[in-house]
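Source file: upload_17.pdb. Holds: PDB, C-alpha atoms.
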ATOM      1  CA  VAL A 250      -4.851  15.018  -2.177
ATOM      2  CA  ILE A 251      -1.409  16.648  -2.352
ATOM      3  CA  THR A 252      -2.985  20.096  -2.764
ATOM      4  CA  HIS A 253      -5.223  19.442   0.251
ATOM      5  CA  LEU A 254      -2.198  18.434   2.352
ATOM      6  CA  GLU A 255      -0.203  21.473   1.220
ATOM      7  CA  ARG A 256      -3.062  23.836   2.127
ATOM      8  CA  ALA A 257      -3.250  22.212   5.564
ATOM      9  CA  GLY A 258       0.519  22.595   6.049
ATOM     10  CA  VAL A 259       0.967  18.831   6.197
ATOM     11  CA  LYS A 260       4.164  17.301   4.833
ATOM     12  CA  PRO A 261       3.307  13.951   3.226
ATOM     13  CA  GLY A 262       5.529  10.986   3.911
ATOM     14  CA  ILE A 263       5.648   7.703   2.059
ATOM     15  CA  GLN A 264       2.789   6.939  -0.328
ATOM     16  CA  ILE A 265       0.697   3.915   0.661
ATOM     17  CA  ALA A 266      -1.995   1.851  -1.080
ATOM     18  CA  TRP A 267      -4.173  -0.867   0.414
ATOM     19  CA  TYR A 268      -7.033  -2.948  -0.890
ATOM     20  CA  ASP A 269     -10.445  -4.069   0.362
ATOM     21  CA  GLU A 270     -11.635  -7.642  -0.027
ATOM     22  CA  PRO A 271     -13.128  -8.240  -3.494
ATOM     23  CA  ALA A 272     -16.865  -7.653  -3.854
ATOM     24  CA  ASP A 273     -19.191 -10.367  -5.167
ATOM     25  CA  ASP A 274     -18.795  -8.948  -8.680
ATOM     26  CA  GLY A 275     -14.976  -9.251  -8.447
ATOM     27  CA  SER A 276     -14.328  -5.521  -8.129
ATOM     28  CA  VAL A 277     -11.794  -4.312  -5.558
ATOM     29  CA  VAL A 278     -11.634  -0.913  -3.884
ATOM     30  CA  LEU A 279      -8.151   0.606  -3.774
ATOM     31  CA  HIS A 280      -7.350   3.147  -1.061
ATOM     32  CA  ALA A 281      -4.369   5.434  -1.605
ATOM     33  CA  GLY A 282      -2.782   7.961   0.676
ATOM     34  CA  PHE A 283       0.293   9.202   2.469
ATOM     35  CA  ASP A 284       1.803   8.639   5.875
ATOM     36  CA  ILE A 285       1.401  11.894   7.778
ATOM     37  CA  GLY A 286       2.649  10.656  11.153
ATOM     38  CA  ASP A 287       1.365  12.723  14.069
ATOM     39  CA  GLN A 288       0.494  15.734  11.916
ATOM     40  CA  SER A 289      -3.061  17.015  12.112
ATOM     41  CA  CYS A 290      -4.997  17.171   8.854
ATOM     42  CA  PRO A 291      -8.602  18.236   8.330
ATOM     43  CA  GLU A 292     -10.792  15.889   6.326
ATOM     44  CA  SER A 293     -12.734  16.918   3.241
ATOM     45  CA  GLU A 294     -15.196  15.398   0.817
ATOM     46  CA  HIS A 295     -12.334  13.556  -0.902
ATOM     47  CA  VAL A 296      -9.774  13.216   1.898
ATOM     48  CA  ARG A 297     -10.174  10.944   4.912
ATOM     49  CA  VAL A 298      -7.610  10.555   7.675
ATOM     50  CA  THR A 299      -7.259   6.893   8.643
ATOM     51  CA  GLU A 300      -4.878   5.151  10.982
ATOM     52  CA  LEU A 301      -3.993   1.766   9.561
ATOM     53  CA  PRO A 302      -3.934  -0.986  12.172
ATOM     54  CA  ARG A 303      -0.685  -2.672  13.119
ATOM     55  CA  ILE A 304      -0.649  -6.084  11.511
ATOM     56  CA  LYS A 305       1.746  -9.001  11.086
ATOM     57  CA  VAL A 306       3.004  -9.084   7.502
ATOM     58  CA  ALA A 307       5.369 -10.871   5.190
ATOM     59  CA  SER A 308       6.968  -8.393   2.826
ATOM     60  CA  VAL A 309       9.277  -8.144  -0.145
ATOM     61  CA  VAL A 310      10.805  -5.169  -1.940
ATOM     62  CA  HIS A 311      10.048  -4.969  -5.661
ATOM     63  CA  ARG A 312      12.415  -2.897  -7.786
ATOM     64  CA  GLY A 313      11.025  -1.832 -11.131
ATOM     65  CA  SER A 314       7.794  -1.029 -12.874
ATOM     66  CA  MET A 315       4.522  -2.032 -11.207
ATOM     67  CA  ASP A 316       3.363  -3.646 -14.448
ATOM     68  CA  LYS A 317       5.879  -6.417 -13.634
ATOM     69  CA  VAL A 318       4.794  -6.928 -10.027
ATOM     70  CA  GLY A 319       2.506  -9.958 -10.576
ATOM     71  CA  PRO A 320       5.212 -12.645 -10.301
ATOM     72  CA  VAL A 321       6.646 -10.926  -7.204
ATOM     73  CA  TYR A 322       3.257 -11.082  -5.450
ATOM     74  CA  GLU A 323       2.916 -14.735  -6.500
ATOM     75  CA  ALA A 324       6.352 -15.539  -5.037
ATOM     76  CA  LEU A 325       5.467 -13.753  -1.785
ATOM     77  CA  VAL A 326       2.208 -15.697  -1.410
ATOM     78  CA  ARG A 327       4.007 -18.961  -2.229
ATOM     79  CA  TRP A 328       6.636 -18.151   0.441
ATOM     80  CA  ILE A 329       3.907 -17.470   3.016
ATOM     81  CA  TYR A 330       2.332 -20.876   2.436
ATOM     82  CA  ASP A 331       5.656 -22.715   2.084
ATOM     83  CA  SER A 332       6.749 -21.325   5.465
ATOM     84  CA  GLY A 333       3.640 -22.757   7.152
ATOM     85  CA  ASN A 334       1.687 -19.524   7.411
ATOM     86  CA  GLU A 335      -1.716 -18.490   6.081
ATOM     87  CA  LEU A 336      -2.849 -15.280   4.421
ATOM     88  CA  GLY A 337      -4.667 -13.013   6.856
ATOM     89  CA  GLY A 338      -6.121 -10.401   4.526
ATOM     90  CA  ARG A 339      -5.419  -8.085   1.643
ATOM     91  CA  SER A 340      -2.130  -6.472   0.665
ATOM     92  CA  ARG A 341      -0.526  -3.113   1.251
ATOM     93  CA  GLU A 342       1.985  -1.353  -0.976
ATOM     94  CA  LEU A 343       4.485   1.227   0.273
ATOM     95  CA  TYR A 344       6.036   3.291  -2.500
ATOM     96  CA  HIS A 345       9.555   4.069  -1.262
ATOM     97  CA  GLN A 346      10.641   5.525  -4.600
ATOM     98  CA  TRP A 347       8.322   6.549  -7.408
ATOM     99  CA  ASP A 348       9.068   8.377 -10.630
ATOM    100  CA  TYR A 349       6.183   8.795 -13.073
ATOM    101  CA  ALA A 350       8.659   9.624 -15.838
ATOM    102  CA  ASN A 351      10.678   6.444 -15.182
ATOM    103  CA  PRO A 352       8.508   3.679 -13.647
ATOM    104  CA  ALA A 353      11.379   1.181 -13.972
ATOM    105  CA  ALA A 354      13.183   3.107 -11.194
ATOM    106  CA  GLY A 355      10.386   2.362  -8.708
ATOM    107  CA  VAL A 356      11.034   0.757  -5.327
ATOM    108  CA  THR A 357       7.882  -0.695  -3.785
ATOM    109  CA  GLU A 358       7.467  -2.710  -0.591
ATOM    110  CA  LEU A 359       4.732  -5.314  -0.986
ATOM    111  CA  GLN A 360       3.142  -6.417   2.282
ATOM    112  CA  MET A 361       0.776  -9.376   2.682
ATOM    113  CA  ARG A 362      -1.057  -9.824   5.964
ATOM    114  CA  VAL A 363      -0.188 -13.088   7.687
ATOM    115  CA  ALA A 364      -2.714 -14.795   9.957
ATOM    116  CA  SER A 365      -1.557 -14.973  13.570
TER     117      SER A 365
END
Exercise: express the given structure as structure tokens:
Amino acid sequence: VITHLERAGVKPGIQIAWYDEPADDGSVVLHAGFDIGDQSCPESEHVRVTELPRIKVASVVHRGSMDKVGPVYEALVRWIYDSGNELGGRSRELYHQWDYANPAAGVTELQMRVAS
């Protein structure tokens, strides 16, 4: 994806991941990409340009490795319910800081859709 963006002269912004609803077999499709703002980018066999809809979310910033994110998601969901809200869909993750060599230095915003 990065090579495709570079060839198109597109400067990638923050990395984003979002998830589809689980299938009947329990599998979940993960979508990953980058914010490109108003830049134009051609699509390819492996690259699709998608505008994510504006949604109401509850969010929390997780600092550290993603292998320790489970309890943070659980706390976020608990907060949503404890505050009288309901979940409105799947999560999004915005990777504000990512270092493959040092995952513990990661800064990730976890967003859960809240039903209106």
What is the distance between CA of Met315 in chain A and CA of Arg362 in chain A, in Å to one decimal?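 Rounded to one decimal, the two atoms are 19.7 Å apart.
One distance worth recording is that between CA of Arg312 in chain A and CA of Val326 in chain A, which is 17.6 Å.
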Please compute the CA of Gly313 in chain A-CA of Val250 in chain A distance, one decimal, in Å. 24.8 Å
Tell me, counting all atoms listed in the file, for each residue of range 326-360 of chain A within 12 Å of range 283-287 of chain A, which pair of atoms is nearest and how far apart they are in Å to one decimal, in rows ordered by chain and increasing number, as a Markdown table.
| residue | atom | partner | partner_atom | distance |
| --- | --- | --- | --- | --- |
| A:Glu342 | CA | A:Phe283 | CA | 11.2 |
| A:Leu343 | CA | A:Phe283 | CA | 9.3 |
| A:Tyr344 | CA | A:Phe283 | CA | 9.6 |
| A:His345 | CA | A:Phe283 | CA | 11.2 |
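Selection by the PyMOL selection byres ((chain A and resi 296) around 12) on the present file picks out Val250, Ile251, Thr252, His253, Leu254, Ala257, His280, Ala281, Gly282, Phe283, Cys290, Pro291, Glu292, Ser293, Glu294, His295, Arg297, Val298 and Thr299 of chain A.
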Counting all atoms listed in the file, figure out which residue out of A:Gln346, A:Asn334, A:Ser314, A:Gln360 gets nearest to Trp267 in chain A.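 Selected residue with least distance to Trp267 in chain A: A:Gln360.
Proximity of A:Val259, A:Ala266, A:Leu359, A:Ala354 to Val310 in chain A, computed with all atoms listed in the file, is greatest for A:Leu359.
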Cut-off 10 Å around (3.9, -6.9, 12.3) with only C-alpha atoms: residues as a PDB file with C-alpha atoms, keeping the file's coordinate frame:
ATOM      1  CA  PRO A 302      -3.934  -0.986  12.172  1.00  0.00           C
ATOM      2  CA  ARG A 303      -0.685  -2.672  13.119  1.00  0.00           C
ATOM      3  CA  ILE A 304      -0.649  -6.084  11.511  1.00  0.00           C
ATOM      4  CA  LYS A 305       1.746  -9.001  11.086  1.00  0.00           C
ATOM      5  CA  VAL A 306       3.004  -9.084   7.502  1.00  0.00           C
ATOM      6  CA  ALA A 307       5.369 -10.871   5.190  1.00  0.00           C
ATOM      7  CA  ARG A 362      -1.057  -9.824   5.964  1.00  0.00           C
ATOM      8  CA  VAL A 363      -0.188 -13.088   7.687  1.00  0.00           C
ATOM      9  CA  SER A 365      -1.557 -14.973  13.570  1.00  0.00           C
TER      10      SER A 365
END
Counting all atoms listed in the file, the residue of A:Ala272, A:Leu301, A:Pro261, A:Asp316 that sits nearest Ala353 in chain A: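 Of A:Ala272, A:Leu301, A:Pro261, A:Asp316, the one nearest Ala353 in chain A is A:Asp316, counting all atoms listed in the file.
The residue that comes closest to Glu358 in chain A, out of A:Glu335, A:Tyr268, A:Val277, A:His311 and on the basis of all atoms listed in the file, is A:His311.
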Looking at all atoms listed in the file, which of A:Val309, A:Ala364, A:Asp273, A:Ile265 is the one that sits closest to Gly333 in chain A?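 Smallest separation from Gly333 in chain A among the options: A:Ala364.
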